[in-house]
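*Asks:* For reference, this is model-v6.cif, and it has mmCIF, C-alpha atoms.
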```
data_structure
loop_
_atom_site.group_PDB
_atom_site.id
_atom_site.type_symbol
_atom_site.label_atom_id
_atom_site.label_comp_id
_atom_site.auth_asym_id
_atom_site.auth_seq_id
_atom_site.Cartn_x
_atom_site.Cartn_y
_atom_site.Cartn_z
ATOM 1 C CA MET A 207 128.443 -159.429 47.957
ATOM 2 C CA VAL A 208 129.767 -159.412 51.513
ATOM 3 C CA SER A 209 129.227 -155.676 51.821
ATOM 4 C CA GLY A 210 125.616 -156.120 50.682
ATOM 5 C CA LEU A 211 124.998 -158.774 53.340
ATOM 6 C CA LEU A 212 126.570 -156.572 56.018
ATOM 7 C CA TRP A 213 124.386 -153.681 54.914
ATOM 8 C CA ILE A 214 121.224 -155.847 55.158
ATOM 9 C CA ALA A 215 122.257 -157.188 58.573
ATOM 10 C CA GLY A 216 122.985 -153.634 59.791
ATOM 11 C CA CYS A 217 119.576 -152.377 58.621
ATOM 12 C CA TYR A 218 117.885 -155.355 60.250
ATOM 13 C CA GLY A 219 119.693 -154.655 63.528
ATOM 14 C CA LEU A 220 118.701 -150.975 63.480
ATOM 15 C CA VAL A 221 115.056 -151.814 62.813
ATOM 16 C CA LEU A 222 115.126 -154.404 65.579
ATOM 17 C CA LEU A 223 116.577 -151.897 68.038
ATOM 18 C CA PHE A 224 114.009 -149.271 67.038
ATOM 19 C CA VAL A 225 111.093 -151.694 67.514
ATOM 20 C CA HIS A 226 112.313 -152.756 70.967
ATOM 21 C CA LEU A 227 112.810 -149.174 72.128
ATOM 22 C CA TRP A 228 109.415 -148.155 70.762
ATOM 23 C CA HIS A 229 107.692 -151.075 72.494
ATOM 24 C CA ARG A 230 109.442 -150.427 75.807
ATOM 25 C CA ARG A 231 108.505 -146.760 75.720
ATOM 26 C CA PHE A 232 104.793 -147.385 75.239
ATOM 27 C CA ALA A 233 104.540 -150.589 77.269
ATOM 28 C CA GLU A 234 105.640 -148.764 80.425
ATOM 29 C CA ARG A 235 102.963 -146.117 79.926
ATOM 30 C CA ARG A 236 100.130 -148.584 79.491
ATOM 31 C CA THR A 237 100.737 -150.874 82.417
ATOM 32 C CA PRO A 238 101.659 -149.367 85.769
ATOM 33 C CA GLU A 239 103.272 -151.799 88.140
ATOM 34 C CA PRO A 240 100.781 -153.645 90.327
ATOM 35 C CA HIS A 241 100.785 -152.814 94.016
ATOM 36 C CA PHE A 242 99.667 -155.497 96.447
ATOM 37 C CA VAL A 243 98.465 -154.277 99.830
ATOM 38 C CA LEU A 244 98.225 -157.051 102.403
ATOM 39 C CA VAL A 245 96.323 -156.292 105.605
ATOM 40 C CA THR A 246 97.294 -158.748 108.299
ATOM 41 C CA ARG A 247 96.928 -159.568 111.981
ATOM 42 C CA ASN A 248 98.447 -162.623 113.683
ATOM 43 C CA ASN A 249 99.397 -164.365 110.433
ATOM 44 C CA GLN A 250 102.881 -165.562 111.267
ATOM 45 C CA GLN A 251 102.165 -168.956 109.714
ATOM 46 C CA HIS A 252 101.020 -167.546 106.359
ATOM 47 C CA ILE A 253 102.599 -164.163 105.709
ATOM 48 C CA GLU A 254 105.989 -165.430 104.563
ATOM 49 C CA TRP A 255 104.408 -167.806 102.067
ATOM 50 C CA VAL A 256 102.161 -165.064 100.672
ATOM 51 C CA VAL A 257 105.001 -162.553 100.265
ATOM 52 C CA ARG A 258 107.422 -165.064 98.755
ATOM 53 C CA SER A 259 104.734 -166.313 96.354
ATOM 54 C CA LEU A 260 104.050 -162.819 95.081
ATOM 55 C CA VAL A 261 107.740 -161.960 94.709
ATOM 56 C CA TRP A 262 108.738 -165.154 92.949
ATOM 57 C CA THR A 263 105.703 -165.152 90.657
ATOM 58 C CA ALA A 264 106.552 -161.612 89.580
ATOM 59 C CA ARG A 265 110.205 -162.486 89.040
ATOM 60 C CA LEU A 266 109.352 -165.566 86.982
ATOM 61 C CA ARG A 267 107.046 -163.475 84.794
ATOM 62 C CA GLY A 268 109.612 -160.700 84.476
ATOM 63 C CA LYS A 269 107.389 -158.056 86.017
ATOM 64 C CA SER A 270 108.008 -155.540 88.752
ATOM 65 C CA ILE A 271 105.588 -155.238 91.644
ATOM 66 C CA ARG A 272 105.271 -153.473 94.970
ATOM 67 C CA ILE A 273 104.044 -155.118 98.138
ATOM 68 C CA SER A 274 102.903 -153.271 101.224
ATOM 69 C CA VAL A 275 102.018 -155.085 104.414
ATOM 70 C CA LEU A 276 99.790 -153.274 106.873
ATOM 71 C CA ASP A 277 99.917 -154.882 110.310
ATOM 72 C CA ASP A 278 96.771 -154.437 112.372
ATOM 73 C CA GLY A 279 98.393 -154.904 115.767
ATOM 74 C CA SER A 280 99.660 -158.469 115.642
ATOM 75 C CA SER A 281 100.525 -160.084 118.935
ATOM 76 C CA ASP A 282 102.600 -162.839 117.322
ATOM 77 C CA ASP A 283 105.785 -162.664 115.206
ATOM 78 C CA THR A 284 104.100 -161.376 112.038
ATOM 79 C CA ALA A 285 105.785 -157.971 112.242
ATOM 80 C CA ALA A 286 109.217 -159.525 112.820
ATOM 81 C CA ILE A 287 108.787 -161.854 109.844
ATOM 82 C CA VAL A 288 107.728 -159.008 107.561
ATOM 83 C CA ALA A 289 110.604 -156.828 108.782
ATOM 84 C CA ARG A 290 113.057 -159.631 107.969
ATOM 85 C CA LEU A 291 111.513 -160.157 104.528
ATOM 86 C CA SER A 292 111.589 -156.423 103.779
ATOM 87 C CA ARG A 293 115.366 -156.457 104.211
ATOM 88 C CA ARG A 294 115.622 -159.293 101.704
ATOM 89 C CA PHE A 295 113.079 -158.187 99.088
ATOM 90 C CA GLU A 296 113.204 -154.629 97.802
ATOM 91 C CA GLU A 297 109.596 -154.928 96.562
ATOM 92 C CA LEU A 298 108.271 -155.201 100.118
ATOM 93 C CA ARG A 299 107.343 -152.341 102.403
ATOM 94 C CA TRP A 300 106.034 -152.676 105.934
ATOM 95 C CA ALA A 301 103.880 -150.266 107.933
ATOM 96 C CA ALA A 302 101.609 -150.270 110.922
ATOM 97 C CA TYR A 303 97.907 -150.229 110.118
ATOM 98 C CA ASP A 304 97.636 -146.500 110.746
ATOM 99 C CA GLY A 305 100.185 -145.898 107.980
ATOM 100 C CA ALA A 306 97.733 -146.907 105.252
ATOM 101 C CA GLU A 307 97.145 -143.339 104.105
ATOM 102 C CA THR A 308 100.846 -142.858 103.409
ATOM 103 C CA ILE A 309 101.102 -146.016 101.323
ATOM 104 C CA VAL A 310 97.953 -145.271 99.352
ATOM 105 C CA SER A 311 98.978 -141.687 98.578
ATOM 106 C CA GLU A 312 102.515 -142.653 97.487
ATOM 107 C CA THR A 313 101.249 -145.147 94.926
ATOM 108 C CA ALA A 314 98.238 -143.283 93.592
ATOM 109 C CA LYS A 315 98.859 -144.205 89.942
ATOM 110 C CA SER A 316 99.492 -147.923 90.391
ATOM 111 C CA ARG A 317 96.968 -150.721 90.157
ATOM 112 C CA LYS A 318 96.208 -151.771 93.723
ATOM 113 C CA TYR A 319 95.147 -155.206 94.863
ATOM 114 C CA TRP A 320 93.921 -155.277 98.449
ATOM 115 C CA TYR A 321 93.993 -158.573 100.330
ATOM 116 C CA ASP A 322 92.662 -158.752 103.840
ATOM 117 C CA LEU A 323 94.471 -161.743 105.324
ATOM 118 C CA ARG A 324 92.713 -161.223 108.657
ATOM 119 C CA GLN A 325 89.461 -162.683 107.352
ATOM 120 C CA SER A 326 90.425 -165.934 105.707
ATOM 121 C CA ARG A 327 93.367 -168.204 106.304
ATOM 122 C CA ARG A 328 92.460 -170.660 103.546
ATOM 123 C CA GLY A 329 92.003 -170.369 99.852
ATOM 124 C CA TRP A 330 94.400 -167.494 99.182
ATOM 125 C CA ARG A 331 95.792 -167.768 95.696
ATOM 126 C CA VAL A 332 98.510 -165.863 93.919
ATOM 127 C CA PRO A 333 96.664 -163.516 91.562
ATOM 128 C CA ALA A 334 97.315 -163.333 87.848
ATOM 129 C CA PHE A 335 98.967 -159.995 87.092
#
```
How does the structure come out when it is put into structure tokens?
*Replies:*
Amino acid sequence: MVSGLLWIAGCYGLVLLFVHLWHRRFAERRTPEPHFVLVTRNNQQHIEWVVRSLVWTARLRGKSIRISVLDDGSSDDTAAIVARLSRRFEELRWAAYDGAETIVSETAKSRKYWYDLRQSRRGWRVPAF
């Protein structure tokens, strides 16, 4: 009787492993990781909140994301804040505004979400991804 129960538990474990591997294999193909491109200029008061919100929302949901910040010639500490955050968060990448072509070409297959933080300082919400 014990050997029968062990055999059933072993079969159940193998089927469970197979289903998880099968799901992981096809789930990665269907959903490329989202790529958030933030265009900013003189947003030292908001940029840290935006980046941290994206990173922590993704981590809480168990998803991987990429964040690129394109600085359009800020005269405040926006670039310094983003540089500090990029050392802390591996998801974040920083470039000057003229580096947009490089970022877009490197992530051609990902879903891109463009947010122009230069236009509006209010009403920015963390998107559902």
*Asks:* Could you state the separation of atom CA of Arg258 of chain A and atom CA of Arg230 of chain A in Å, given to one decimal place?
*Replies:*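 It comes out at 27.3 Å.
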*Asks:* Report the distance between atom CA of Leu276 of chain A and atom CA of Leu291 of chain A in Å, rounded to one decimal place.
*Replies:*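 Value for the atom CA of Leu276 of chain A-atom CA of Leu291 of chain A distance: 13.8 Å.
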*Asks:* Which residues are near Leu260 of chain A? Cut-off 12 Å, all atoms listed in the file, ignore same chain within fewer than 2 positions. Put them as a ChimeraX atom specification.
*Replies:* /A:240-244,253-258,262-267,269-274,295,297-298,319,330-335
*Asks:* Quick one: pull the distance between atom CA of Val245 of chain A and atom CA of Thr284 of chain A, Å, one decimal.
*Replies:* 11.3 Å
*Asks:* Which of these, A:Ser281, A:Gln251, A:Thr246, A:Ser259, has the shortest distance to Arg324 of chain A once you count all atoms listed in the file?
*Replies:* A:Thr246
*Asks:* Pick the closest to Ala286 of chain A from A:Leu222, A:Gln250, A:Lys318, A:Gly210: which is it, counting only C-alpha atoms?
*Replies:*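 The closest residue to Ala286 of chain A is A:Gln250.
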*Asks:* With 8 Å added on each side, what axis-aligned box encloses every listed atom of segment 247-266 of chain A? Give the centre and edge lengths in Å to one decimal, as JSON.
*Replies:*
```
{"center_x": 103.6, "center_y": -164.3, "center_z": 100.3, "size_x": 29.3, "size_y": 25.4, "size_z": 42.7}
```
*Asks:* Could you tell me which of A:Ser292, A:Ser280, A:Ala285, A:Asn249 comes closest to Leu323 of chain A if we count only C-alpha atoms?
*Replies:*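 Smallest distance to Leu323 of chain A is found for A:Asn249.
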*Asks:* Using only C-alpha atoms, which of A:Glu239, A:Glu296, A:Asp283, A:Asp277 sits nearest Arg317 of chain A?
*Replies:* A:Glu239
